[in-house]
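Enquirer: This one is query24.cif, mmCIF, C-alpha atoms and all ligand atoms.
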data_final
#
loop_
_atom_site.label_atom_id
_atom_site.label_comp_id
_atom_site.auth_asym_id
_atom_site.auth_seq_id
_atom_site.Cartn_x
_atom_site.Cartn_y
_atom_site.Cartn_z
CA MET A 1 0.00 0.00 0.00
CA VAL A 2 1.28 3.47 -0.86
CA ASN A 3 1.46 5.64 2.25
CA LYS A 4 3.07 8.88 1.20
CA LYS A 5 3.04 11.12 -1.84
CA VAL A 6 6.38 12.78 -2.48
CA LEU A 7 6.94 15.55 -5.01
CA ILE A 8 10.51 16.05 -6.27
CA ILE A 9 11.16 19.40 -7.98
CA GLY A 10 14.32 19.81 -10.10
CA SER A 11 14.08 16.07 -10.72
CA LYS A 12 16.49 16.09 -13.67
CA GLY A 13 19.25 17.89 -11.77
CA MET A 14 22.26 16.20 -10.23
CA LEU A 15 20.66 15.87 -6.81
CA GLY A 16 17.06 15.65 -8.02
CA GLN A 17 17.69 12.52 -10.10
CA GLU A 18 19.19 10.74 -7.05
CA LEU A 19 16.24 11.75 -4.87
CA VAL A 20 13.93 10.24 -7.49
CA SER A 21 15.79 6.94 -7.50
CA VAL A 22 16.07 6.71 -3.68
CA PHE A 23 12.35 7.36 -3.11
CA LYS A 24 11.22 5.22 -6.08
CA ARG A 25 13.07 2.22 -4.66
CA ASP A 26 10.76 2.34 -1.62
CA LYS A 27 7.26 1.12 -2.41
CA ASP A 28 5.87 3.12 0.51
CA TYR A 29 6.15 6.26 -1.61
CA LYS A 30 4.31 7.45 -4.68
CA VAL A 31 6.84 9.67 -6.43
CA THR A 32 5.99 12.60 -8.69
CA ALA A 33 9.08 13.94 -10.46
CA TRP A 34 8.80 17.45 -11.91
CA ASP A 35 11.45 19.48 -13.67
CA ARG A 36 11.22 22.83 -15.41
CA LYS A 37 8.95 21.45 -18.15
CA GLU A 38 6.33 20.36 -15.62
CA ILE A 39 6.50 23.34 -13.24
CA ASP A 40 8.15 26.74 -13.16
CA ILE A 41 8.59 27.39 -9.46
CA THR A 42 9.25 31.11 -10.05
CA ASP A 43 5.58 31.42 -11.06
CA GLN A 44 3.69 31.62 -7.77
CA LYS A 45 0.27 31.02 -9.32
CA GLN A 46 1.47 27.85 -11.03
CA VAL A 47 3.08 26.66 -7.79
CA GLN A 48 -0.16 27.16 -5.86
CA GLU A 49 -2.42 25.54 -8.44
CA LYS A 50 -0.30 22.54 -9.42
CA ILE A 51 0.81 21.63 -5.92
CA THR A 52 -2.64 22.08 -4.38
CA LYS A 53 -4.03 19.72 -7.02
CA LEU A 54 -1.32 17.10 -6.42
CA ALA A 55 -1.54 17.43 -2.60
CA PRO A 56 1.79 15.79 -1.74
CA ASP A 57 2.79 14.89 1.82
CA VAL A 58 6.43 15.82 1.18
CA ILE A 59 7.94 18.37 -1.23
CA LEU A 60 11.65 18.16 -2.03
CA ASN A 61 13.02 21.24 -3.77
CA ALA A 62 16.25 20.44 -5.64
CA ALA A 63 15.74 23.15 -8.28
CA ALA A 64 18.22 26.00 -8.19
CA TYR A 65 20.27 28.52 -10.10
CA ASN A 66 23.91 27.45 -9.64
CA ALA A 67 25.97 29.60 -12.05
CA VAL A 68 27.98 31.34 -9.34
CA ASP A 69 30.17 33.47 -11.64
CA LEU A 70 27.56 34.26 -14.27
CA CYS A 71 25.16 35.83 -11.79
CA GLU A 72 27.98 37.85 -10.25
CA LYS A 73 28.76 39.70 -13.47
CA ASP A 74 25.41 39.82 -15.30
CA LYS A 75 22.44 41.78 -13.91
CA LYS A 76 19.81 39.73 -15.76
CA GLU A 77 21.32 36.49 -14.51
CA PHE A 78 21.39 37.87 -10.96
CA ALA A 79 17.68 38.69 -11.31
CA LYS A 80 17.05 35.07 -12.44
CA ALA A 81 19.03 33.76 -9.47
CA LYS A 82 17.05 35.96 -7.06
CA ASN A 83 13.75 34.67 -8.46
CA LEU A 84 14.71 30.99 -8.43
CA ASN A 85 16.94 30.78 -5.34
CA GLY A 86 15.53 33.65 -3.32
CA LYS A 87 11.78 33.99 -3.95
CA ALA A 88 10.56 30.61 -5.24
CA PRO A 89 11.44 28.73 -2.01
CA GLY A 90 9.07 31.11 -0.21
CA TYR A 91 6.23 30.18 -2.63
CA LEU A 92 6.90 26.50 -1.93
CA ALA A 93 7.01 27.09 1.83
CA LYS A 94 3.65 28.90 1.73
CA ILE A 95 1.89 26.19 -0.21
CA ALA A 96 3.50 23.43 1.88
CA LYS A 97 2.17 25.15 5.01
CA LYS A 98 -1.29 25.52 3.50
CA ILE A 99 -1.61 21.82 2.59
CA GLY A 100 0.27 20.56 5.67
CA ALA A 101 3.19 19.11 3.70
CA ILE A 102 6.81 18.79 4.79
CA LEU A 103 9.19 20.92 2.69
CA VAL A 104 12.83 20.02 2.19
CA HIS A 105 14.88 22.83 0.69
CA TYR A 106 18.61 22.71 -0.16
CA SER A 107 21.12 25.47 0.48
CA THR A 108 24.85 25.99 0.42
CA ASP A 109 28.08 26.62 2.34
CA TYR A 110 28.34 29.84 0.27
CA VAL A 111 25.97 31.54 2.71
CA PHE A 112 29.05 31.88 4.96
CA ASN A 113 31.86 34.43 4.75
CA GLY A 114 34.78 32.00 4.80
CA LEU A 115 36.27 33.17 8.08
CA PRO A 116 35.11 30.76 10.78
CA GLU A 117 35.76 31.45 14.43
CA ILE A 118 38.52 29.24 15.82
CA PRO A 119 37.04 27.37 18.79
CA GLU A 120 38.90 27.22 22.13
CA PRO A 121 38.99 24.06 24.27
CA GLN A 122 36.32 23.83 26.96
CA GLY A 123 37.34 25.65 30.13
CA CYS A 124 39.75 28.01 28.37
CA THR A 125 39.31 31.62 29.44
CA HIS A 126 40.30 32.82 25.96
CA SER A 127 43.04 34.94 27.56
CA CYS A 128 45.81 32.82 26.06
CA SER A 129 46.30 30.37 23.23
CA SER A 130 48.88 28.11 24.81
CA CYS A 131 47.55 27.00 28.21
CA GLY A 132 47.49 23.31 29.12
CA LEU A 133 43.93 22.99 27.86
CA HIS A 134 45.23 23.50 24.32
CA GLN A 135 47.48 20.44 24.47
CA ASP A 136 46.11 17.72 22.16
CA PHE A 137 43.09 19.90 21.38
CA VAL A 138 42.20 19.66 17.70
CA PRO A 139 39.46 22.21 16.95
CA GLN A 140 36.91 21.52 14.26
CA ILE A 141 37.12 24.58 12.07
CA GLY A 142 34.07 25.57 10.08
CA PHE A 143 30.49 26.73 10.43
CA GLY A 144 27.86 25.06 12.60
CA GLU A 145 24.15 25.11 11.78
CA ASN A 146 23.66 28.19 14.01
CA ALA A 147 26.61 30.21 12.72
CA VAL A 148 25.57 33.60 11.40
CA PRO A 149 25.45 33.65 7.58
CA GLU A 150 27.21 36.45 5.75
CA PRO A 151 27.57 35.67 2.04
CA VAL A 152 30.51 37.16 0.17
CA GLN A 153 29.07 36.87 -3.35
CA LYS A 154 25.72 37.37 -5.10
CA TYR A 155 24.93 33.65 -5.50
CA GLY A 156 25.31 33.18 -1.73
CA ARG A 157 23.05 36.16 -1.13
CA THR A 158 20.30 34.63 -3.30
CA LYS A 159 20.58 31.30 -1.46
CA LEU A 160 20.37 33.08 1.91
CA MET A 161 17.26 34.93 0.66
CA GLY A 162 15.77 31.48 -0.07
CA GLU A 163 16.57 30.18 3.42
CA GLU A 164 14.95 33.26 4.95
CA ALA A 165 11.88 32.93 2.72
CA VAL A 166 11.40 29.32 3.84
CA GLN A 167 11.83 30.27 7.50
CA LYS A 168 9.41 33.20 7.19
CA ASN A 169 6.66 31.41 5.23
CA GLY A 170 7.05 27.79 6.20
CA GLU A 171 6.16 25.60 9.12
CA LYS A 172 7.29 21.98 8.66
CA TYR A 173 10.57 22.47 6.84
CA TYR A 174 14.12 21.19 6.65
CA ILE A 175 16.80 23.44 5.18
CA ILE A 176 19.71 21.20 4.24
CA ARG A 177 23.02 22.93 3.49
CA LEU A 178 25.57 21.05 1.39
CA SER A 179 28.81 21.90 -0.42
CA LYS A 180 30.69 20.81 -3.55
CA LEU A 181 28.07 18.41 -4.90
CA PHE A 182 29.28 15.56 -7.10
CA GLY A 183 27.64 12.60 -8.74
CA LYS A 184 26.27 11.35 -12.05
CA PRO A 185 25.97 14.21 -14.55
CA ALA A 186 22.48 15.72 -14.40
CA LYS A 187 19.95 14.80 -17.09
CA SER A 188 18.89 18.41 -17.57
CA ALA A 189 20.63 20.35 -20.33
CA GLY A 190 21.33 23.47 -18.27
CA ALA A 191 22.79 21.76 -15.20
CA LYS A 192 26.35 22.28 -14.02
CA LYS A 193 28.97 19.50 -14.40
CA SER A 194 30.55 18.37 -11.17
CA PHE A 195 34.14 19.36 -10.40
CA PHE A 196 35.39 15.76 -10.57
CA ASP A 197 33.99 15.28 -14.09
CA VAL A 198 35.62 18.51 -15.25
CA MET A 199 38.96 17.47 -13.73
CA LEU A 200 38.79 13.92 -15.15
CA ALA A 201 38.37 15.41 -18.62
CA ALA A 202 41.20 17.92 -17.98
CA GLY A 203 43.48 15.14 -16.76
CA LYS A 204 42.96 13.17 -19.95
CA LYS A 205 43.86 16.18 -22.12
CA ASN A 206 46.73 17.86 -20.27
CA LYS A 207 50.19 17.01 -18.95
CA GLU A 208 49.71 19.41 -16.05
CA VAL A 209 46.69 20.99 -14.35
CA ARG A 210 46.83 23.99 -12.01
CA VAL A 211 44.37 23.75 -9.14
CA VAL A 212 43.43 26.18 -6.35
CA ASP A 213 44.83 25.00 -3.04
CA GLU A 214 42.31 27.01 -1.00
CA GLU A 215 38.55 27.15 -0.41
CA THR A 216 38.50 24.30 2.10
CA SER A 217 35.14 22.58 2.48
CA CYS A 218 33.59 19.14 2.18
CA PHE A 219 32.38 17.29 -0.91
CA THR A 220 28.85 15.92 -0.96
CA TYR A 221 28.05 12.78 -2.95
CA ALA A 222 24.55 13.19 -4.40
CA PRO A 223 23.38 9.58 -3.73
CA ASP A 224 24.54 9.85 -0.07
CA LEU A 225 22.69 13.16 0.36
CA ALA A 226 19.54 11.69 -1.19
CA LYS A 227 19.60 8.75 1.26
CA LYS A 228 20.30 11.07 4.19
CA THR A 229 17.36 13.27 3.21
CA LYS A 230 15.01 10.27 3.37
CA GLU A 231 16.51 9.27 6.73
CA ILE A 232 15.97 12.78 8.18
CA ILE A 233 12.30 12.77 7.15
CA GLU A 234 11.60 9.21 8.27
CA SER A 235 13.32 9.59 11.63
CA LYS A 236 11.16 12.69 12.23
CA LYS A 237 14.12 14.91 13.09
CA PRO A 238 13.08 18.29 14.48
CA PHE A 239 12.41 20.82 11.71
CA GLY A 240 15.18 23.35 11.07
CA ILE A 241 18.62 23.67 9.51
CA TYR A 242 20.91 20.67 8.88
CA HIS A 243 24.41 20.37 7.47
CA VAL A 244 24.86 17.30 5.27
CA THR A 245 28.19 16.63 3.54
CA ASN A 246 30.61 13.75 3.29
CA SER A 247 33.42 14.00 5.81
CA GLY A 248 36.99 14.93 4.95
CA ALA A 249 37.37 18.70 4.48
CA CYS A 250 39.89 19.53 1.77
CA THR A 251 40.92 22.08 -0.84
CA TRP A 252 40.24 21.66 -4.57
CA TYR A 253 43.93 20.76 -5.00
CA ASP A 254 43.82 17.99 -2.34
CA ALA A 255 40.78 16.49 -4.06
CA VAL A 256 42.35 16.43 -7.53
CA VAL A 257 45.50 14.74 -6.17
CA GLU A 258 43.21 12.06 -4.68
CA LEU A 259 41.10 11.79 -7.85
CA TYR A 260 44.09 11.25 -10.15
CA ARG A 261 45.65 8.75 -7.74
CA MET A 262 42.42 6.71 -7.70
CA ALA A 263 41.80 7.02 -11.44
CA LYS A 264 45.49 6.28 -12.20
CA ILE A 265 45.90 9.53 -14.16
CA LYS A 266 49.55 10.59 -14.38
CA THR A 267 48.90 14.31 -15.06
CA LYS A 268 50.92 16.60 -12.78
CA VAL A 269 48.83 18.62 -10.32
CA ALA A 270 50.24 22.07 -9.48
CA SER A 271 48.99 23.88 -6.40
CA VAL A 272 48.04 27.54 -6.99
CA SER A 273 46.43 30.27 -4.92
CA ALA A 274 42.92 31.59 -5.69
CA SER A 275 44.48 34.90 -6.77
CA GLU A 276 46.11 33.08 -9.71
CA PHE A 277 42.64 32.06 -10.91
CA PRO A 278 40.60 35.24 -10.98
CA ARG A 279 36.88 34.53 -11.16
CA PRO A 280 34.04 37.09 -11.04
CA ALA A 281 32.67 35.78 -7.72
CA VAL A 282 34.76 35.60 -4.54
CA ARG A 283 34.69 32.20 -2.82
CA PRO A 284 34.87 31.72 0.96
CA TYR A 285 38.41 30.79 2.08
CA VAL A 286 37.06 28.09 4.41
CA SER A 287 33.41 27.03 4.33
CA THR A 288 33.43 23.60 5.97
CA LEU A 289 29.92 22.83 7.22
CA ILE A 290 30.01 21.39 10.72
CA ASN A 291 27.25 18.89 11.41
CA THR A 292 26.21 18.74 15.07
CA LYS A 293 22.80 17.10 14.64
CA LEU A 294 23.21 13.91 12.58
CA ASN A 295 25.43 10.86 12.34
CA PRO A 296 28.35 11.78 10.07
CA MET A 297 28.42 10.48 6.51
CA ARG A 298 31.31 8.43 5.07
CA ASN A 299 34.51 10.11 3.89
CA TYR A 300 34.30 11.63 0.41
CA LYS A 301 37.23 9.43 -0.71
CA VAL A 302 35.14 6.28 -0.16
CA ALA A 303 32.23 7.84 -2.06
CA LEU A 304 34.56 8.99 -4.84
CA ARG A 305 35.90 5.47 -5.30
CA GLU A 306 32.31 4.23 -5.67
CA TYR A 307 31.56 7.02 -8.14
CA LEU A 308 34.59 6.17 -10.29
CA LYS A 309 33.67 2.48 -10.29
CA ASN A 310 30.13 3.29 -11.46
CA ILE A 311 31.17 5.52 -14.37
CA LYS A 312 33.61 2.97 -15.85
N1 LIG A 401 26.10 21.84 -7.40
C1 LIG A 401 26.76 22.19 -6.31
O1 LIG A 401 27.99 22.09 -6.23
C2 LIG A 401 25.99 22.69 -5.10
C3 LIG A 401 26.71 23.19 -3.99
C4 LIG A 401 26.00 23.64 -2.87
C5 LIG A 401 24.62 23.61 -2.87
N2 LIG A 401 23.96 23.15 -3.96
C6 LIG A 401 22.49 23.15 -3.92
O2 LIG A 401 22.04 21.81 -4.09
C7 LIG A 401 20.76 21.81 -4.74
C8 LIG A 401 20.79 20.88 -5.94
O3 LIG A 401 21.74 21.40 -6.89
P1 LIG A 401 22.10 20.63 -8.26
O4 LIG A 401 23.54 20.91 -8.53
O5 LIG A 401 21.60 19.23 -8.20
O6 LIG A 401 21.24 21.48 -9.30
P2 LIG A 401 21.14 21.26 -10.90
O7 LIG A 401 21.86 20.01 -11.31
O8 LIG A 401 21.53 22.55 -11.53
O9 LIG A 401 19.60 21.00 -11.12
C9 LIG A 401 18.64 21.98 -10.94
C10 LIG A 401 17.38 21.53 -11.69
O10 LIG A 401 16.36 22.52 -11.47
C11 LIG A 401 15.71 22.76 -12.73
N3 LIG A 401 15.14 24.11 -12.77
C12 LIG A 401 15.73 25.27 -13.15
N4 LIG A 401 14.88 26.28 -13.10
C13 LIG A 401 13.69 25.79 -12.67
C14 LIG A 401 12.40 26.36 -12.44
N5 LIG A 401 12.18 27.66 -12.62
N6 LIG A 401 11.41 25.55 -12.01
C15 LIG A 401 11.63 24.23 -11.84
N7 LIG A 401 12.83 23.62 -12.05
C16 LIG A 401 13.85 24.39 -12.46
C17 LIG A 401 16.86 22.65 -13.73
O11 LIG A 401 16.37 22.50 -15.05
P3 LIG A 401 17.21 23.17 -16.27
O12 LIG A 401 18.54 22.50 -16.30
O13 LIG A 401 16.34 22.91 -17.45
O14 LIG A 401 17.36 24.63 -15.95
C18 LIG A 401 17.60 21.42 -13.20
O15 LIG A 401 17.05 20.21 -13.67
C19 LIG A 401 20.46 23.27 -5.06
O16 LIG A 401 19.69 23.86 -4.06
C20 LIG A 401 21.84 23.92 -5.04
O17 LIG A 401 21.81 25.31 -4.80
C21 LIG A 401 24.60 22.69 -5.07
#
Would it be possible to restate this file's structure as structure tokens?
Ligand SMILES: NC(=O)c1ccc[n+]([C@@H]2O[C@H](COP(=O)([O-])OP(=O)(O)OC[C@H]3O[C@@H](n4cnc5c(N)ncnc54)[C@H](OP(=O)(O)O)[C@@H]3O)[C@@H](O)[C@H]2O)c1

Expert:
Amino acid sequence: MVNKKVLIIGSKGMLGQELVSVFKRDKDYKVTAWDRKEIDITDQKQVQEKITKLAPDVILNAAAYNAVDLCEKDKKEFAKAKNLNGKAPGYLAKIAKKIGAILVHYSTDYVFNGLPEIPEPQGCTHSCSSCGLHQDFVPQIGFGENAVPEPVQKYGRTKLMGEEAVQKNGEKYYIIRLSKLFGKPAKSAGAKKSFFDVMLAAGKKNKEVRVVDEETSCFTYAPDLAKKTKEIIESKKPFGIYHVTNSGACTWYDAVVELYRMAKIKTKVASVSASEFPRPAVRPYVSTLINTKLNPMRNYKVALREYLKNIK
């Protein structure tokens, strides 16, 4: 017997397609998968009418504008990003509240400024940095779920607008922040390729690649995030903000060294600073998402090995 109706929006995106397969595998769910052709979530009237008619129990919103650099330099693109990332989540939150559905919305580490506070060991008075309490103390550096967001680029601002719209208009919602998503290339034409796919192609073409050895954060394997999303809903976790990434914070450079080692690619990897790679949008220097609410997920290296095996 089917118990729950789940609606997946952005179902042809990198994450959306994995959500569809995770929920479809479970016969307790009746899955409706909508992408841009079936619904334009920036059109509030359409959102109200179509979702009221479907009456889902759970709405998963994996649709987003992800062209970080394009929306930094182009006003029209920024307007698109504000509509899709900033306003549309509020429309979904309103309708979810009206029909009593749970809303899951995804956000990003780019809501943070890249300068995390360095924690002190418990009991330290903060008047020194070398007292006995510091011995063997390894602080976890990054941003917890309650850290104050302060985006440093326009994309991050639009995603923060979306979080705030969900919080303002919603009731039963989960905001799940993730970083550096990777997985099977999305089915949708406009979707972004994951970093590992770009670097695999670059490794096959070049003798040397130059990679930014900064911007520390965690990778998130789309199938792992999809499973974790289902687990959060089914275990009836309290509504609110969650950080879901694979463990193993690293820079882009560290990850490419690991990728080429695993894929047996001999291309030389040169470490460069972000200033050698000017891009329109500034990236946070460190944006590791610290998860204090859930069991940690496996290390990204284990997930990456699985990914490479599956694309062979
Ligand atoms: N990718 C990352 O590295 C990353 C990092 C941090 C957070 N996130 C967040 O993770 C979530 C999933 O990202 P993703 O990379 O899986 O996205 P994605 O692959 O770009 O997929 C987004 C999907 O949404 C669809 N879409 C676009 N505009 C729409 C509209 N107006 N109405 C309905 N659907 C629309 C897209 O269709 P078209 O292709 O036809 O436009 C696409 O299929 C997003 O919230 C994103 O911000 C991603």

Enquirer: For Ser273 in chain A, work out the shell of residues within 10 Å, counting only C-alpha atoms and skipping chain neighbours fewer than 6 positions away, then give it as a PyMOL selection string.

Expert: chain A and resi 210-215+253

Enquirer: Pick out the closest residue to ligand LIG 401 (chain A) from this set: A:Pro185, A:Gly248, A:Pro119, A:Gly132. Count only C-alpha atoms and all ligand atoms.

Expert: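 Using only C-alpha atoms and all ligand atoms, the shortest distance to ligand LIG 401 (chain A) belongs to A:Pro185.
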
Enquirer: From the options A:Ser194, A:Asn85, A:Ser287, A:Thr251, which residue's atoms come nearest to Ser271 in chain A, counting only C-alpha atoms?

Expert: A:Thr251

Enquirer: Could you give me the centre and size, in Å to one decimal, of an axis-aligned box around all listed atoms of ligand LIG 401 (chain A) with 5 Å added on every side, as lines of an AutoDock Vina configuration file?

Expert:
center_x = 19.7
center_y = 23.4
center_z = -10.2
size_x = 26.6
size_y = 18.4
size_z = 24.6

Enquirer: For each of A:Leu133, A:Val256, A:Ala55, A:Met161, take the minimum atom-to-atom distance to ligand LIG 401 (chain A), counting all atoms listed in the file, then give the residue where this is smallest.

Expert: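 Distance minimum relative to ligand LIG 401 (chain A) lands on A:Met161.
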
Enquirer: How would you write, as a ChimeraX atom specification, the set of residues no farther than 6 Å from ligand LIG 401 (chain A) when counting only C-alpha atoms and all ligand atoms?

Expert: /A:10-16,35-36,39-42,62-64,66,84,106-108,178-181,186,188-192
